[in-house]
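Peer 1: Structure below; questions to follow.
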Amino acid sequence: MKLLRVLPMAKQLLAETVNPGEIAVDATAGNGNDTLFLAEHVGEQGHVYAFDIQQAALDSTAKRLGELTSRVSLILDSHENVDQYVTDEIGGAMFNLGYLPHSEDISIVTKPDSTIKALHKLLNKLKVGGVISIAVYDGHEGGSDERDALLNYVRTLHQADVQVIKYEQLNRLNNPPFLIVIEKMRAFSK
Ligand SMILES: C[S@@+](CC[C@H](N)C(=O)[O-])C[C@H]1O[C@@H](n2cnc3c(N)ncnc32)[C@H](O)[C@@H]1O
């Protein structure tokens with residue numbers, strides 16, 4: 001086994017847990033790398049819901065998807081409203097926090113409150129055995145607040161409900177992302 005870097009590790013874990021034909025969510029579409037990966041993985045019978053609050057991000061994602069756009073709903077709204085669009089069980093979800101790479105306005109970033117609300121709603125929709133990955137960047141303004149809020153939130157989740165793992169490369173320079181992976185172990189009681 002070869003150790004993967006953080007972003008490939010997230011894809012590997014989703015590839016192993018999301019089945020073709022299922023629904024997956026990209027909570028932060030950005031330039032569409034994760035959306036494309038999920039769309040390819042769920043296949044023709046599956047569907048991906050991709051959220052972003054910037055039209056430029058959804059345009060960039062649509063361009064990357066090409067013909068695969070037909071199996072993706074591109075949603076210009078905050079991920080905290082996921083329950084207004086996704087009603088069925090999901091096979092998995094990905095977050096990639098922070099700002100849109102190559103954007104002119106890098107002050108538009110994910111925020112602790114909306115990230116945690118979205119995560120909470122997605123955990124409720126996640127199938128048992130499914131995984132949600134969160135790539136956390138803390139180098140930008142507000143990034144460390146979001147990191148701390150998120151870590152505090154996931155630490156409160158019951159260990160019988162979910163398994164929460166942190167995956168981090170400790171010897172890389174320039175604020176690399178780390179990964180939080182949450183695996184759902186049992187159905188949540190209502
Ligand atoms: C690091 S980028 C995502 C990169 C993306 N996964 C990719 O493959 O290119 C973070 C994205 O989250 C978006 N974002 C910020 N707040 C959001 C929110 N409340 N809901 C959905 N997307 C949000 C930003 O506009 C930005 O495009």
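Residues are referred to by chain and number: the chain letter is A, B, ... according to the order shown in the structure tokens, the number counts from 1 in that chain, and ligands are numbered separately from 1 in the order shown.
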Write out as a Markdown table the residues of chain A that have any atom within 6 Å of an atom of ligand 1, one row each with the nearest atom pair and its distance in Å to one decimal, counting only C-alpha atoms and all ligand atoms, sorted by chain and then rising number.
Peer 2:
```
| residue | atom | partner | partner_atom_place_in_ligand_line | distance |
| --- | --- | --- | --- | --- |
| A:Ala27 | CA | ligand 1 | 21 (C) | 5.7 |
| A:Thr28 | CA | ligand 1 | 12 (O) | 4.1 |
| A:Ala29 | CA | ligand 1 | 5 (C) | 4.8 |
| A:Gly30 | CA | ligand 1 | 27 (O) | 3.4 |
| A:Asn31 | CA | ligand 1 | 9 (O) | 3.5 |
| A:Gly32 | CA | ligand 1 | 8 (O) | 4.4 |
| A:Asn33 | CA | ligand 1 | 8 (O) | 3.5 |
| A:Asp34 | CA | ligand 1 | 8 (O) | 4.6 |
| A:Phe51 | CA | ligand 1 | 21 (C) | 4.9 |
| A:Asp52 | CA | ligand 1 | 22 (N) | 3.5 |
| A:Ile53 | CA | ligand 1 | 22 (N) | 4.9 |
| A:Gln54 | CA | ligand 1 | 25 (O) | 5.0 |
| A:Ala57 | CA | ligand 1 | 27 (O) | 5.3 |
| A:Ser78 | CA | ligand 1 | 20 (N) | 3.4 |
| A:His79 | CA | ligand 1 | 20 (N) | 4.0 |
| A:Asn96 | CA | ligand 1 | 6 (N) | 4.8 |
| A:Leu97 | CA | ligand 1 | 1 (C) | 4.8 |
| A:Gly98 | CA | ligand 1 | 1 (C) | 4.6 |
| A:Tyr99 | CA | ligand 1 | 10 (C) | 4.6 |
| A:Leu100 | CA | ligand 1 | 27 (O) | 3.9 |
| A:Val109 | CA | ligand 1 | 15 (C) | 4.6 |
| A:Thr110 | CA | ligand 1 | 16 (N) | 3.7 |
| A:Ser114 | CA | ligand 1 | 19 (N) | 5.6 |
```
Peer 1: Mind listing the strand (DSSP E or B) residues of region 82-138 of chain A, per DSSP on the backbone, as JSON, numbers by chain?
Peer 2: {"A": [90, 91, 92, 93, 94, 95, 96, 99, 109, 126, 127, 128, 129, 130, 131, 132, 133, 134, 135, 136]}
Peer 1: Any chance you could export the current selection's N, CA and C atoms as a tab-separated table (two decimals), in the first residue's frame?
Peer 2:
```
chain	number	residue	atom	x	y	z
A	90	ILE	N	-28.15	9.77	0.42
A	90	ILE	CA	-26.96	9.97	-0.41
A	90	ILE	C	-25.92	8.89	-0.11
A	91	GLY	N	-25.10	8.61	-1.14
A	91	GLY	CA	-24.04	7.60	-0.97
A	91	GLY	C	-22.78	8.20	-0.39
A	92	GLY	N	-22.61	9.54	-0.52
A	92	GLY	CA	-21.41	10.19	0.01
A	92	GLY	C	-21.40	11.67	-0.35
A	93	ALA	N	-20.49	12.41	0.27
A	93	ALA	CA	-20.39	13.85	-0.02
A	93	ALA	C	-18.96	14.31	0.20
A	94	MET	N	-18.60	15.38	-0.51
A	94	MET	CA	-17.26	15.96	-0.37
A	94	MET	C	-17.36	17.45	-0.11
A	95	PHE	N	-16.52	17.94	0.76
A	95	PHE	CA	-16.32	19.38	0.98
A	95	PHE	C	-14.85	19.68	0.69
A	96	ASN	N	-14.61	20.84	0.11
A	96	ASN	CA	-13.24	21.33	-0.08
A	96	ASN	C	-13.32	22.79	0.32
A	99	TYR	N	-11.37	29.20	-0.35
A	99	TYR	CA	-11.79	30.09	-1.45
A	99	TYR	C	-11.62	29.41	-2.81
A	109	VAL	N	-15.15	32.97	1.08
A	109	VAL	CA	-14.67	31.69	1.63
A	109	VAL	C	-15.82	30.98	2.33
A	126	LEU	N	-26.93	10.69	4.84
A	126	LEU	CA	-25.91	9.72	4.40
A	126	LEU	C	-26.35	8.28	4.69
A	127	LYS	N	-26.09	7.38	3.74
A	127	LYS	CA	-26.39	5.96	3.97
A	127	LYS	C	-25.44	5.42	5.06
A	128	VAL	N	-25.85	4.39	5.74
A	128	VAL	CA	-24.97	3.70	6.68
A	128	VAL	C	-23.83	3.06	5.87
A	129	GLY	N	-22.61	3.28	6.29
A	129	GLY	CA	-21.45	2.80	5.52
A	129	GLY	C	-20.89	3.86	4.59
A	130	GLY	N	-21.64	4.96	4.43
A	130	GLY	CA	-21.18	6.05	3.55
A	130	GLY	C	-20.18	6.96	4.25
A	131	VAL	N	-19.52	7.77	3.44
A	131	VAL	CA	-18.43	8.62	3.94
A	131	VAL	C	-18.62	10.06	3.46
A	132	ILE	N	-18.32	11.02	4.34
A	132	ILE	CA	-18.23	12.43	3.95
A	132	ILE	C	-16.79	12.87	4.19
A	133	SER	N	-16.17	13.46	3.16
A	133	SER	CA	-14.80	13.95	3.31
A	133	SER	C	-14.81	15.48	3.33
A	134	ILE	N	-13.94	16.03	4.15
A	134	ILE	CA	-13.82	17.49	4.26
A	134	ILE	C	-12.34	17.85	4.19
A	135	ALA	N	-11.94	18.50	3.10
A	135	ALA	CA	-10.57	19.00	3.00
A	135	ALA	C	-10.55	20.39	3.63
A	136	VAL	N	-9.73	20.54	4.68
A	136	VAL	CA	-9.73	21.78	5.48
A	136	VAL	C	-8.45	22.56	5.19
```
Peer 1: Show which residues sit within 9 Å of Glu22 (chain A), as a list in words. Count only C-alpha atoms, and ignore same-chain residues fewer than 5 positions away.
Peer 2: Val42, Gly43, Gln45, Gly46, His47, Val48, Glu89, Ile90, Gly91 and Gly92 of chain A
Peer 1: Report the closest atom pair, with its distance in Å rounded to one decimal, for each residue of region 10-121 of chain A that has an atom no farther than 12 Å from region 162-170 of chain A; count only C-alpha atoms, sort by chain and then rising residue number, and write it as a Markdown table.
Peer 2:
```
| residue | atom | partner | partner_atom | distance |
| --- | --- | --- | --- | --- |
| A:Ala10 | CA | A:Tyr167 | CA | 9.5 |
| A:Leu13 | CA | A:Ile165 | CA | 11.8 |
| A:His120 | CA | A:Val162 | CA | 11.9 |
```
Peer 1: How about saving the chosen residues, C-alpha atoms kept, as a PDB file, in the first residue's frame?
Peer 2:
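That gives us selection15.pdb:
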```
ATOM      1  CA  ALA A  10     -10.480  11.757  -0.181  1.00  0.00           C
ATOM      2  CA  LEU A  13     -12.344   6.782   0.132  1.00  0.00           C
ATOM      3  CA  HIS A 120     -25.103  18.090   9.943  1.00  0.00           C
TER       4      HIS A 120
END
```
Peer 1: Which distance in Å separates CA of Pro177 (chain A) and CA of Tyr137 (chain A), to one decimal?
Peer 2: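 That distance, rounded to one decimal, is 4.6 Å.
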Peer 1: Residues at most 10 Å from Asp113 (chain A), counting only C-alpha atoms, excluding those fewer than 4 positions away in the same chain, as a list in words?
Peer 2: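 Contacts, in chain order: Glu80, Lys117, Ala118, Leu119, Glu146, Ala149 and Leu150 of chain A.
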Peer 1: Between A:Ile23, A:Ala39, A:Leu157, A:Val6, which one has atoms that come closest to Ser70 (chain A), using only C-alpha atoms?
Peer 2: A:Ala39
Peer 1: Counting only C-alpha atoms, what are the residues of region 115-172 of chain A within 12 Å of region 103-106 of chain A, and for each of them which pair of atoms is the nearest and at what distance in Å, to one decimal? Sort the table by chain and rising number, as CSV.
Peer 2:
```
residue,atom,partner,partner_atom,distance
A:His140,CA,A:Ile106,CA,8.9
A:Glu141,CA,A:Ile106,CA,9.7
A:Gly142,CA,A:Ile106,CA,11.7
```
Peer 1: Between CA of Gln12 (chain A) and CA of Ser60 (chain A), what distance in Å does the model show, to one decimal?
Peer 2: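 CA of Ser60 (chain A) lies at a distance of 23.5 Å from CA of Gln12 (chain A).
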Peer 1: What is the distance, in Å and to one decimal place, between CA of Ala187 (chain A) and CA of Val82 (chain A)?
Peer 2: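 Here the two named atoms are 19.3 Å from each other.
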Peer 1: Let me make sure I understand: among A:Leu123, A:Ile116, A:Leu58, A:Ala24, which one has the smallest atom-to-atom distance to Arg71 (chain A) if we use only C-alpha atoms?
Peer 2: A:Ala24
Peer 1: Please return as an mmCIF file with N, CA and C atoms, in the first residue's frame: the residues of region 9-47 of chain A that backbone DSSP assigns to helix (DSSP H, G or I).
Peer 2:
```
data_model
loop_
_atom_site.group_PDB
_atom_site.id
_atom_site.type_symbol
_atom_site.label_atom_id
_atom_site.label_comp_id
_atom_site.auth_asym_id
_atom_site.auth_seq_id
_atom_site.Cartn_x
_atom_site.Cartn_y
_atom_site.Cartn_z
ATOM 1 N N MET A 9 -6.534 10.942 -1.350
ATOM 2 C CA MET A 9 -7.081 10.045 -0.321
ATOM 3 C C MET A 9 -8.593 10.232 -0.202
ATOM 4 N N ALA A 10 -9.034 11.499 -0.263
ATOM 5 C CA ALA A 10 -10.480 11.757 -0.181
ATOM 6 C C ALA A 10 -11.190 11.045 -1.337
ATOM 7 N N LYS A 11 -10.642 11.174 -2.543
ATOM 8 C CA LYS A 11 -11.278 10.535 -3.713
ATOM 9 C C LYS A 11 -11.289 9.016 -3.569
ATOM 10 N N GLN A 12 -10.184 8.468 -3.089
ATOM 11 C CA GLN A 12 -10.090 7.020 -2.938
ATOM 12 C C GLN A 12 -11.175 6.494 -1.981
ATOM 13 N N LEU A 13 -11.355 7.219 -0.861
ATOM 14 C CA LEU A 13 -12.344 6.782 0.132
ATOM 15 C C LEU A 13 -13.762 6.873 -0.429
ATOM 16 N N LEU A 14 -14.031 7.939 -1.191
ATOM 17 C CA LEU A 14 -15.369 8.061 -1.801
ATOM 18 C C LEU A 14 -15.558 6.992 -2.875
ATOM 19 N N ALA A 15 -14.498 6.726 -3.651
ATOM 20 C CA ALA A 15 -14.605 5.721 -4.717
ATOM 21 C C ALA A 15 -14.945 4.353 -4.130
ATOM 22 N N GLU A 16 -14.445 4.095 -2.927
ATOM 23 C CA GLU A 16 -14.679 2.783 -2.316
ATOM 24 C C GLU A 16 -16.036 2.668 -1.638
ATOM 25 N N THR A 17 -16.687 3.806 -1.364
ATOM 26 C CA THR A 17 -17.927 3.732 -0.583
ATOM 27 C C THR A 17 -19.174 4.177 -1.346
ATOM 28 N N ASN A 33 -13.393 19.925 -9.847
ATOM 29 C CA ASN A 33 -12.596 18.679 -9.858
ATOM 30 C C ASN A 33 -13.314 17.538 -9.137
ATOM 31 N N ASP A 34 -13.841 17.842 -7.960
ATOM 32 C CA ASP A 34 -14.533 16.786 -7.205
ATOM 33 C C ASP A 34 -15.878 16.444 -7.849
ATOM 34 N N THR A 35 -16.547 17.455 -8.400
ATOM 35 C CA THR A 35 -17.832 17.192 -9.071
ATOM 36 C C THR A 35 -17.615 16.233 -10.238
ATOM 37 N N LEU A 36 -16.581 16.467 -11.018
ATOM 38 C CA LEU A 36 -16.296 15.595 -12.165
ATOM 39 C C LEU A 36 -15.986 14.174 -11.689
ATOM 40 N N PHE A 37 -15.165 14.073 -10.662
ATOM 41 C CA PHE A 37 -14.839 12.755 -10.123
ATOM 42 C C PHE A 37 -16.117 12.018 -9.683
ATOM 43 N N LEU A 38 -16.986 12.727 -8.954
ATOM 44 C CA LEU A 38 -18.218 12.085 -8.463
ATOM 45 C C LEU A 38 -19.139 11.715 -9.618
ATOM 46 N N ALA A 39 -19.249 12.599 -10.613
ATOM 47 C CA ALA A 39 -20.135 12.336 -11.766
ATOM 48 C C ALA A 39 -19.651 11.110 -12.536
ATOM 49 N N GLU A 40 -18.352 10.992 -12.710
ATOM 50 C CA GLU A 40 -17.815 9.811 -13.407
ATOM 51 C C GLU A 40 -18.095 8.560 -12.576
ATOM 52 N N HIS A 41 -17.953 8.712 -11.262
ATOM 53 C CA HIS A 41 -18.070 7.542 -10.404
ATOM 54 C C HIS A 41 -19.516 7.046 -10.281
ATOM 55 N N VAL A 42 -20.500 7.944 -10.139
ATOM 56 C CA VAL A 42 -21.887 7.471 -9.962
ATOM 57 C C VAL A 42 -22.460 6.935 -11.275
#
```
Peer 1: Between A:Leu3, A:Gln84, A:Tyr49, A:Pro176, which has the minimum distance to Lys121 (chain A) (counting only C-alpha atoms)?
Peer 2: A:Gln84
